[in-house]
Amino acid sequence: MSTDLLSRIQVPPSVRRGEVFPVRVALAHPMETGFRHDENGRTTPYNVVNSFVCRYNGVVVLASSMSSGIAANPSFQFYVRAREPGELAFEWHDDEGRQGKASLHLNVVG
Amino acid sequence: MSARIGISALLLAACAASAPSQELRREIETPRSGVTFNSADVQQLQKDDAANPGMLWVAQGEALWKERAGMSNKSCADCHDDAAKSMRGVAARYPVYDERAKNLVNLEGRINECRVERQKAEPLRYESEALLSLTAFVANQSREMPVQASIAGPARAHFEAGRANYVARQGQLNLSCAQCHEKNWGKTLLAEPISQGQSNGYPAYRFEWQALGSLHRRLRACQIGIRAEQSPYGSQELLDLELYLAWRANGLPVEAPGVRR
Amino acid sequence: MITSFQRRRRRLLAAAAAAGLVPARALRAEEFPSIPALATLLDKRELRKGRVKLDIPALADNGNSVPLTITVDSPMSATDRVVAIHLFSERNPRPRIAAIELGPDAGRAELQTRIRLAGTQHIVAVAQMSDGSLWGGTAEVIVTQSACTDEI
């Protein structure tokens, strides 16, 4: 399980070749809508994780572009079909240009 | 005057010594955690570490635990080693009466005391990412353990002050905490069920906040709800209330990080 | 004869509908809510109703975080699969919630996430198939104001 500061990503410890398995992702990000204002009327600028990509040994499994309609501290669950063992690489950016990266080894048997 | 106070102190001590006593009986005999007044989705989210957004703060706290800070250049781990062992049970019995401070100390206060006195670092502000993360991480080490706050000895006076605050009508709406959370829990306010106002779920990730927040933040939110003046973070009123609430919640499992709507 | 009470009630309902507080009329089974961003995506192509299931609570705990599972009925084979899912909101200030492309290793056309909903409304999910066809599903969620909000 990857638990670096900006994300928590979970895949099963091992999967069979051909098995469809879930990938669970949680990212730390306020997904700022730009509509929130403080008591002085100042708004915080719009800033969301606008893109999230998962690659399986370099091949894109899922590429999502998002707006503030996704909840703060976004979470996703999606499904991957296992082929050969290797790496699931995750990459995401926000509107301020901050980038997040994570990668997990995928243990495939059979 | 002092004779009267002396006699009532004796009576109080006598009541404290005998258990269970009429005076110390809880209004709610079998408390229910706030999570049970939330939907199945919220309950599921709280149980699921991979999805519970509060765990993002716990993970951050785990990293901060090992980070050197202040002039001492020491980390929490340097003194307290493995938090899973050294911090287990701590949140379950907090807030505690501290002899040196001659006052109650809650988790945030204890963390800051360590930072200032031992790490020789700046104290952390309430609701700062750092303090929330460390509090969530430390409290998480007591997860599932029953809340067991003591109101014995010098803590008793603070407990009484907290209880007095809890039952007093206040704010523009002239409501006491007890009116909603002891007399009307389970009933619906607008579209939401009123909980018993138990504190065992804090710090908690609230959808309303879109972030993790402390118990003091939640209590201040209640104060807005009844249009009362907000007590400052870490103030005596909130500390005393925190002890009263912990006593009320005795027996309920620590849930940190909780999830609430 | 229409009484003054009935007239006043009709005026109130019309005003409420104009303010977006009640749907002007219920959607028919084959209809999708009218969302300009959706129309832009469709670009005059047909949106067929079916194959797309939206699992979302009828009453949200809090509009800030509403759980959603989108499931599309598809074999997800090399020749017959979902290539993209688009998610729209009827009433949010930004109607396009997300656009998700699925690669060949996506084993199931099923996604779970949590969305923000600014008030009671419909959401629409559009599945773009490998054969170019577009299938859609819609669901309505009631979102209420929090009873004890500390929002300033």
# chains A, B, ... in the order shown; residues from 1 in each chain; ligands from 1
call {"tool": "residues_around", "arguments": {"residues": "B:Cys180", "least_positions_apart": "5", "cutoff": "8 Å", "atoms": "only C-alpha atoms", "output": "VMD selection string"}}
result
chain B and resid 185 194 196
call {"tool": "residues_around", "arguments": {"residues": "A:Ile70", "least_positions_apart": "5", "cutoff": "9 Å", "atoms": "only C-alpha atoms", "output": "list in words"}}
result
Met31, Val48 and Ser75 of chain A; Asn64, Ser65, Ile97, Ala98, Thr113, Arg114, Ile115, Arg116 and Leu117 of chain C
call {"tool": "write_last_selection", "arguments": {"atoms": "C-alpha atoms", "output": "CSV table (one decimal), in the first residue's frame"}}
result
chain,number,residue,atom,x,y,z
A,31,MET,CA,-10.6,20.7,-4.3
A,48,VAL,CA,-8.7,21.3,-7.9
A,75,SER,CA,-11.5,9.1,-3.7
C,64,ASN,CA,-20.2,18.3,-0.1
C,65,SER,CA,-19.6,14.6,-0.4
C,97,ILE,CA,-18.1,16.9,-13.1
C,98,ALA,CA,-15.7,14.5,-14.7
C,113,THR,CA,-16.2,8.2,-6.3
C,114,ARG,CA,-17.7,11.0,-4.2
C,115,ILE,CA,-19.2,14.1,-5.8
C,116,ARG,CA,-20.3,17.6,-4.7
C,117,LEU,CA,-23.9,18.5,-5.4
call {"tool": "select_by_dssp", "arguments": {"residues": "stretch 33-105 of chain B", "states": "alpha helix (DSSP H)", "output": "VMD selection string"}}
result
chain B and resid 40 to 47 54 to 65 76 to 80 83 to 86 90 to 93
call {"tool": "closest_residue", "arguments": {"among": "A:Gly69, A:Gly18, A:Gly34, A:Pro13", "to": "C:Ala99", "atoms": "only C-alpha atoms"}}
result
A:Gly69
call {"tool": "interface_residues", "arguments": {"of": "chain B", "to": "chain C", "cutoff": "8 Å", "atoms": "only C-alpha atoms", "output": "CSV table (one decimal) with all heavy atoms, in the first residue's frame"}}
result
chain,number,residue,atom,x,y,z
B,38,ASN,N,-25.6,8.7,11.9
B,38,ASN,CA,-25.3,9.0,10.5
B,38,ASN,C,-25.7,7.8,9.7
B,38,ASN,O,-26.0,6.7,10.2
B,38,ASN,CB,-23.8,9.3,10.4
B,38,ASN,CG,-23.4,10.7,10.7
B,38,ASN,OD1,-23.3,11.5,9.9
B,38,ASN,ND2,-23.3,11.0,12.0
B,39,SER,N,-25.7,8.0,8.4
B,39,SER,CA,-26.1,7.0,7.4
B,39,SER,C,-25.2,5.8,7.4
B,39,SER,O,-24.1,5.9,7.8
B,39,SER,CB,-26.2,7.6,6.0
B,39,SER,OG,-24.9,7.9,5.5
B,41,ASP,N,-23.7,4.9,4.8
B,41,ASP,CA,-22.5,5.3,4.0
B,41,ASP,C,-21.5,5.9,4.9
B,41,ASP,O,-20.3,5.5,4.8
B,41,ASP,CB,-23.0,6.3,2.9
B,41,ASP,CG,-21.8,7.0,2.3
B,41,ASP,OD1,-20.9,6.3,1.7
B,41,ASP,OD2,-21.7,8.3,2.4
B,189,LEU,N,-34.0,17.5,13.5
B,189,LEU,CA,-33.9,18.9,13.4
B,189,LEU,C,-33.6,19.2,11.9
B,189,LEU,O,-32.6,18.8,11.3
B,189,LEU,CB,-32.7,19.4,14.2
B,189,LEU,CG,-32.4,20.9,14.3
B,189,LEU,CD1,-33.5,21.5,15.1
B,189,LEU,CD2,-31.1,21.1,15.0
B,190,LEU,N,-34.5,20.0,11.3
B,190,LEU,CA,-34.6,20.1,9.8
B,190,LEU,C,-34.5,18.7,9.2
B,190,LEU,O,-35.4,17.9,9.5
B,190,LEU,CB,-33.4,21.0,9.3
B,190,LEU,CG,-33.4,22.5,9.7
B,190,LEU,CD1,-32.3,23.2,9.0
B,190,LEU,CD2,-34.8,23.0,9.3
B,191,ALA,N,-33.5,18.3,8.4
B,191,ALA,CA,-33.6,17.0,7.9
B,191,ALA,C,-32.7,16.0,8.6
B,191,ALA,O,-32.5,14.9,8.1
B,191,ALA,CB,-33.2,17.0,6.4
B,192,GLU,N,-32.1,16.4,9.7
B,192,GLU,CA,-31.1,15.6,10.4
B,192,GLU,C,-31.5,15.1,11.7
B,192,GLU,O,-32.1,15.8,12.5
B,192,GLU,CB,-29.8,16.4,10.5
B,192,GLU,CG,-29.2,16.7,9.2
B,192,GLU,CD,-28.0,17.7,9.3
B,192,GLU,OE1,-27.8,18.2,10.4
B,192,GLU,OE2,-27.4,18.0,8.3
B,207,PHE,N,-18.1,16.1,6.5
B,207,PHE,CA,-18.4,16.5,5.2
B,207,PHE,C,-18.6,18.0,5.2
B,207,PHE,O,-18.3,18.7,4.3
B,207,PHE,CB,-19.7,15.8,4.7
B,207,PHE,CG,-19.5,14.4,4.5
B,207,PHE,CD1,-20.6,13.5,4.5
B,207,PHE,CD2,-18.2,13.8,4.3
B,207,PHE,CE1,-20.5,12.2,4.3
B,207,PHE,CE2,-18.1,12.4,4.1
B,207,PHE,CZ,-19.2,11.6,4.1
B,208,GLU,N,-19.3,18.5,6.2
B,208,GLU,CA,-19.6,19.9,6.3
B,208,GLU,C,-18.3,20.8,6.3
B,208,GLU,O,-18.3,21.9,5.7
B,208,GLU,CB,-20.3,20.2,7.7
B,208,GLU,CG,-20.8,21.6,8.0
B,208,GLU,CD,-22.0,22.0,7.1
B,208,GLU,OE1,-22.7,21.1,6.7
B,208,GLU,OE2,-22.2,23.2,6.9
B,210,GLN,N,-15.4,19.6,5.0
B,210,GLN,CA,-14.6,19.0,3.9
B,210,GLN,C,-13.1,18.9,4.4
B,210,GLN,O,-12.2,19.0,3.7
B,210,GLN,CB,-14.6,19.9,2.7
B,210,GLN,CG,-16.1,20.2,2.2
B,210,GLN,CD,-16.1,20.9,0.9
B,210,GLN,OE1,-15.9,20.3,-0.1
B,210,GLN,NE2,-16.5,22.2,1.0
B,221,ALA,N,-18.7,25.2,16.6
B,221,ALA,CA,-19.8,25.1,15.6
B,221,ALA,C,-21.1,25.1,16.3
B,221,ALA,O,-22.1,25.7,15.9
B,221,ALA,CB,-19.6,24.0,14.7
B,222,CYS,N,-21.2,24.3,17.4
B,222,CYS,CA,-22.5,24.2,18.1
B,222,CYS,C,-22.8,25.6,18.7
B,222,CYS,O,-24.0,26.0,18.7
B,222,CYS,CB,-22.3,23.3,19.3
B,222,CYS,SG,-22.4,21.5,18.9
B,224,ILE,N,-22.1,28.4,17.4
B,224,ILE,CA,-22.7,29.2,16.3
B,224,ILE,C,-24.2,28.8,16.1
B,224,ILE,O,-25.1,29.6,15.9
B,224,ILE,CB,-21.9,29.0,15.0
B,224,ILE,CG1,-20.6,29.6,15.1
B,224,ILE,CG2,-22.7,29.7,13.8
B,224,ILE,CD1,-19.8,29.7,13.8
B,225,GLY,N,-24.4,27.5,16.3
B,225,GLY,CA,-25.7,27.0,16.0
B,225,GLY,C,-26.8,27.6,17.0
B,225,GLY,O,-27.9,27.8,16.6
B,261,ARG,N,-21.3,13.7,9.0
B,261,ARG,CA,-21.8,14.5,7.9
B,261,ARG,C,-21.5,16.0,8.3
B,261,ARG,O,-21.5,16.8,7.4
B,261,ARG,CB,-23.2,14.3,7.7
B,261,ARG,CG,-24.0,14.7,8.9
B,261,ARG,CD,-25.5,14.6,8.7
B,261,ARG,NE,-26.2,14.8,10.0
B,261,ARG,CZ,-26.6,13.8,10.7
B,261,ARG,NH1,-26.5,12.5,10.3
B,261,ARG,NH2,-27.1,14.0,11.9
call {"tool": "residues_around", "arguments": {"residues": "C:Arg81", "least_positions_apart": "2", "cutoff": "10 Å", "atoms": "only C-alpha atoms", "output": "PyMOL selection string"}}
result
chain C and resi 72-79+83-84+102-104+106-109+127-131
call {"tool": "write_last_selection", "arguments": {"atoms": "N, CA and C atoms", "output": "PDB file, in the first residue's frame"}}
result
ATOM      1  N   VAL C  72     -21.568   0.329 -15.917  1.00  0.00           N
ATOM      2  CA  VAL C  72     -22.055   0.241 -17.289  1.00  0.00           C
ATOM      3  C   VAL C  72     -22.046  -1.222 -17.711  1.00  0.00           C
ATOM      4  N   ASP C  73     -23.161  -1.658 -18.257  1.00  0.00           N
ATOM      5  CA  ASP C  73     -23.283  -3.030 -18.719  1.00  0.00           C
ATOM      6  C   ASP C  73     -22.481  -3.178 -20.016  1.00  0.00           C
ATOM      7  N   SER C  74     -21.315  -3.847 -19.908  1.00  0.00           N
ATOM      8  CA  SER C  74     -20.446  -4.003 -21.076  1.00  0.00           C
ATOM      9  C   SER C  74     -19.493  -5.163 -20.835  1.00  0.00           C
ATOM     10  N   PRO C  75     -19.208  -5.987 -21.840  1.00  0.00           N
ATOM     11  CA  PRO C  75     -18.276  -7.106 -21.642  1.00  0.00           C
ATOM     12  C   PRO C  75     -16.837  -6.637 -21.408  1.00  0.00           C
ATOM     13  N   MET C  76     -16.530  -5.413 -21.720  1.00  0.00           N
ATOM     14  CA  MET C  76     -15.173  -4.854 -21.593  1.00  0.00           C
ATOM     15  C   MET C  76     -14.160  -5.763 -22.282  1.00  0.00           C
ATOM     16  N   SER C  77     -14.510  -6.190 -23.486  1.00  0.00           N
ATOM     17  CA  SER C  77     -13.575  -6.988 -24.269  1.00  0.00           C
ATOM     18  C   SER C  77     -12.816  -6.044 -25.199  1.00  0.00           C
ATOM     19  N   ALA C  78     -11.863  -6.602 -25.930  1.00  0.00           N
ATOM     20  CA  ALA C  78     -11.046  -5.756 -26.823  1.00  0.00           C
ATOM     21  C   ALA C  78     -11.904  -5.074 -27.876  1.00  0.00           C
ATOM     22  N   THR C  79     -12.972  -5.738 -28.312  1.00  0.00           N
ATOM     23  CA  THR C  79     -13.774  -5.197 -29.407  1.00  0.00           C
ATOM     24  C   THR C  79     -15.078  -4.544 -28.942  1.00  0.00           C
ATOM     25  N   VAL C  83     -15.309   3.180 -23.686  1.00  0.00           N
ATOM     26  CA  VAL C  83     -14.048   3.927 -23.850  1.00  0.00           C
ATOM     27  C   VAL C  83     -14.006   5.185 -22.981  1.00  0.00           C
ATOM     28  N   ALA C  84     -15.190   5.706 -22.626  1.00  0.00           N
ATOM     29  CA  ALA C  84     -15.195   6.898 -21.781  1.00  0.00           C
ATOM     30  C   ALA C  84     -16.518   7.026 -21.042  1.00  0.00           C
ATOM     31  N   LEU C 102     -11.286   5.157 -20.311  1.00  0.00           N
ATOM     32  CA  LEU C 102     -10.899   3.834 -19.848  1.00  0.00           C
ATOM     33  C   LEU C 102     -10.057   3.149 -20.912  1.00  0.00           C
ATOM     34  N   GLY C 103      -8.879   2.654 -20.494  1.00  0.00           N
ATOM     35  CA  GLY C 103      -7.988   1.970 -21.428  1.00  0.00           C
ATOM     36  C   GLY C 103      -8.342   0.504 -21.551  1.00  0.00           C
ATOM     37  N   PRO C 104      -7.617  -0.237 -22.408  1.00  0.00           N
ATOM     38  CA  PRO C 104      -7.936  -1.645 -22.660  1.00  0.00           C
ATOM     39  C   PRO C 104      -7.796  -2.539 -21.420  1.00  0.00           C
ATOM     40  N   ALA C 106      -8.848  -1.782 -18.454  1.00  0.00           N
ATOM     41  CA  ALA C 106      -9.931  -1.549 -17.493  1.00  0.00           C
ATOM     42  C   ALA C 106     -10.833  -2.775 -17.506  1.00  0.00           C
ATOM     43  N   GLY C 107     -10.832  -3.516 -16.398  1.00  0.00           N
ATOM     44  CA  GLY C 107     -11.500  -4.815 -16.377  1.00  0.00           C
ATOM     45  C   GLY C 107     -13.005  -4.751 -16.265  1.00  0.00           C
ATOM     46  N   ARG C 108     -13.480  -3.666 -15.701  1.00  0.00           N
ATOM     47  CA  ARG C 108     -14.917  -3.535 -15.480  1.00  0.00           C
ATOM     48  C   ARG C 108     -15.278  -2.068 -15.686  1.00  0.00           C
ATOM     49  N   ALA C 109     -16.439  -1.841 -16.285  1.00  0.00           N
ATOM     50  CA  ALA C 109     -16.881  -0.449 -16.466  1.00  0.00           C
ATOM     51  C   ALA C 109     -17.617  -0.026 -15.213  1.00  0.00           C
ATOM     52  N   ALA C 127     -22.083   6.978 -21.183  1.00  0.00           N
ATOM     53  CA  ALA C 127     -21.039   6.012 -21.509  1.00  0.00           C
ATOM     54  C   ALA C 127     -20.833   6.019 -23.007  1.00  0.00           C
ATOM     55  N   GLN C 128     -19.579   6.227 -23.402  1.00  0.00           N
ATOM     56  CA  GLN C 128     -19.230   6.225 -24.826  1.00  0.00           C
ATOM     57  C   GLN C 128     -18.661   4.855 -25.138  1.00  0.00           C
ATOM     58  N   MET C 129     -19.309   4.125 -26.066  1.00  0.00           N
ATOM     59  CA  MET C 129     -18.870   2.760 -26.367  1.00  0.00           C
ATOM     60  C   MET C 129     -17.850   2.745 -27.494  1.00  0.00           C
ATOM     61  N   SER C 130     -17.158   1.609 -27.617  1.00  0.00           N
ATOM     62  CA  SER C 130     -16.132   1.475 -28.658  1.00  0.00           C
ATOM     63  C   SER C 130     -16.744   1.520 -30.057  1.00  0.00           C
ATOM     64  N   ASP C 131     -18.057   1.231 -30.166  1.00  0.00           N
ATOM     65  CA  ASP C 131     -18.693   1.303 -31.484  1.00  0.00           C
ATOM     66  C   ASP C 131     -19.246   2.708 -31.761  1.00  0.00           C
TER      67      ASP C 131
END
call {"tool": "closest_atom_pairs", "arguments": {"of": "chain A", "to": "chain C", "cutoff": "8 Å", "atoms": "only C-alpha atoms", "output": "CSV"}}
result
residue,atom,partner,partner_atom,distance
A:Val20,CA,C:Gly107,CA,5.3
A:Phe21,CA,C:Gly107,CA,7.6
A:Asp38,CA,C:Ile152,CA,7.2
A:Glu39,CA,C:Ile152,CA,6.4
A:Tyr56,CA,C:Asp105,CA,7.9
A:Val59,CA,C:Gly103,CA,7.7
A:Val60,CA,C:Gly103,CA,5.6
A:Val61,CA,C:Gly103,CA,4.3
A:Leu62,CA,C:Leu102,CA,4.7
A:Ala63,CA,C:Glu101,CA,5.1
A:Ser64,CA,C:Ile100,CA,4.2
A:Ser65,CA,C:Ala99,CA,5.3
A:Met66,CA,C:Ala98,CA,4.3
A:Ser67,CA,C:Ile97,CA,5.3
A:Ser68,CA,C:Ile97,CA,7.0
A:Gly69,CA,C:Ile97,CA,4.6
A:Ile70,CA,C:Ile115,CA,4.3
A:Ala71,CA,C:Ile115,CA,4.6
A:Ala72,CA,C:Ser65,CA,7.5
A:Pro74,CA,C:Arg114,CA,6.9
A:Ser75,CA,C:Thr113,CA,5.5
A:Phe76,CA,C:Thr113,CA,4.6
A:Gln77,CA,C:Gln112,CA,4.9
A:Phe78,CA,C:Leu111,CA,5.0
A:Tyr79,CA,C:Gly107,CA,5.3
A:Val80,CA,C:Gly107,CA,4.6
A:Arg81,CA,C:Gly107,CA,4.4
A:Ala82,CA,C:Asp105,CA,7.6
call {"tool": "closest_atom_pairs", "arguments": {"of": "chain A", "to": "chain B", "cutoff": "9 Å", "atoms": "only C-alpha atoms", "output": "Markdown table"}}
result
| residue | atom | partner | partner_atom | distance |
| --- | --- | --- | --- | --- |
| A:Thr3 | CA | B:Ala59 | CA | 6.8 |
| A:Asp4 | CA | B:Ala59 | CA | 7.6 |
| A:Leu5 | CA | B:Gln60 | CA | 5.7 |
| A:Leu6 | CA | B:Leu56 | CA | 7.7 |
| A:Ser7 | CA | B:Leu56 | CA | 7.2 |
| A:Arg8 | CA | B:Ala50 | CA | 7.0 |
| A:Ile9 | CA | B:Ala50 | CA | 7.5 |
| A:Gln10 | CA | B:Ala50 | CA | 7.0 |
| A:Arg24 | CA | B:Ala50 | CA | 7.1 |
| A:Val25 | CA | B:Ala50 | CA | 7.7 |
| A:Ala26 | CA | B:Ala51 | CA | 6.5 |
| A:Leu27 | CA | B:Leu56 | CA | 7.9 |
| A:Ala28 | CA | B:Leu56 | CA | 6.4 |
| A:Pro30 | CA | B:Gln210 | CA | 7.3 |
| A:Ala71 | CA | B:Gln210 | CA | 8.1 |
| A:Ala72 | CA | B:Gln210 | CA | 5.9 |
| A:Asn73 | CA | B:Pro53 | CA | 6.6 |
| A:Pro74 | CA | B:Pro53 | CA | 8.6 |
| A:Ser75 | CA | B:Ala51 | CA | 7.0 |
| A:Phe76 | CA | B:Ala51 | CA | 8.8 |
call {"tool": "select_by_dssp", "arguments": {"residues": "stretch 15-244 of chain B", "states": "strand (DSSP E or B)", "output": "PyMOL selection string"}}
result
chain B and resi 69+74+96-98+103-105+146+170+175+188-189+192-193+204-206+211-213
call {"tool": "atom_distance", "arguments": {"atom1": "atom CA of B:Tyr126", "atom2": "atom CA of B:Glu108"}}
result
7.7 Å
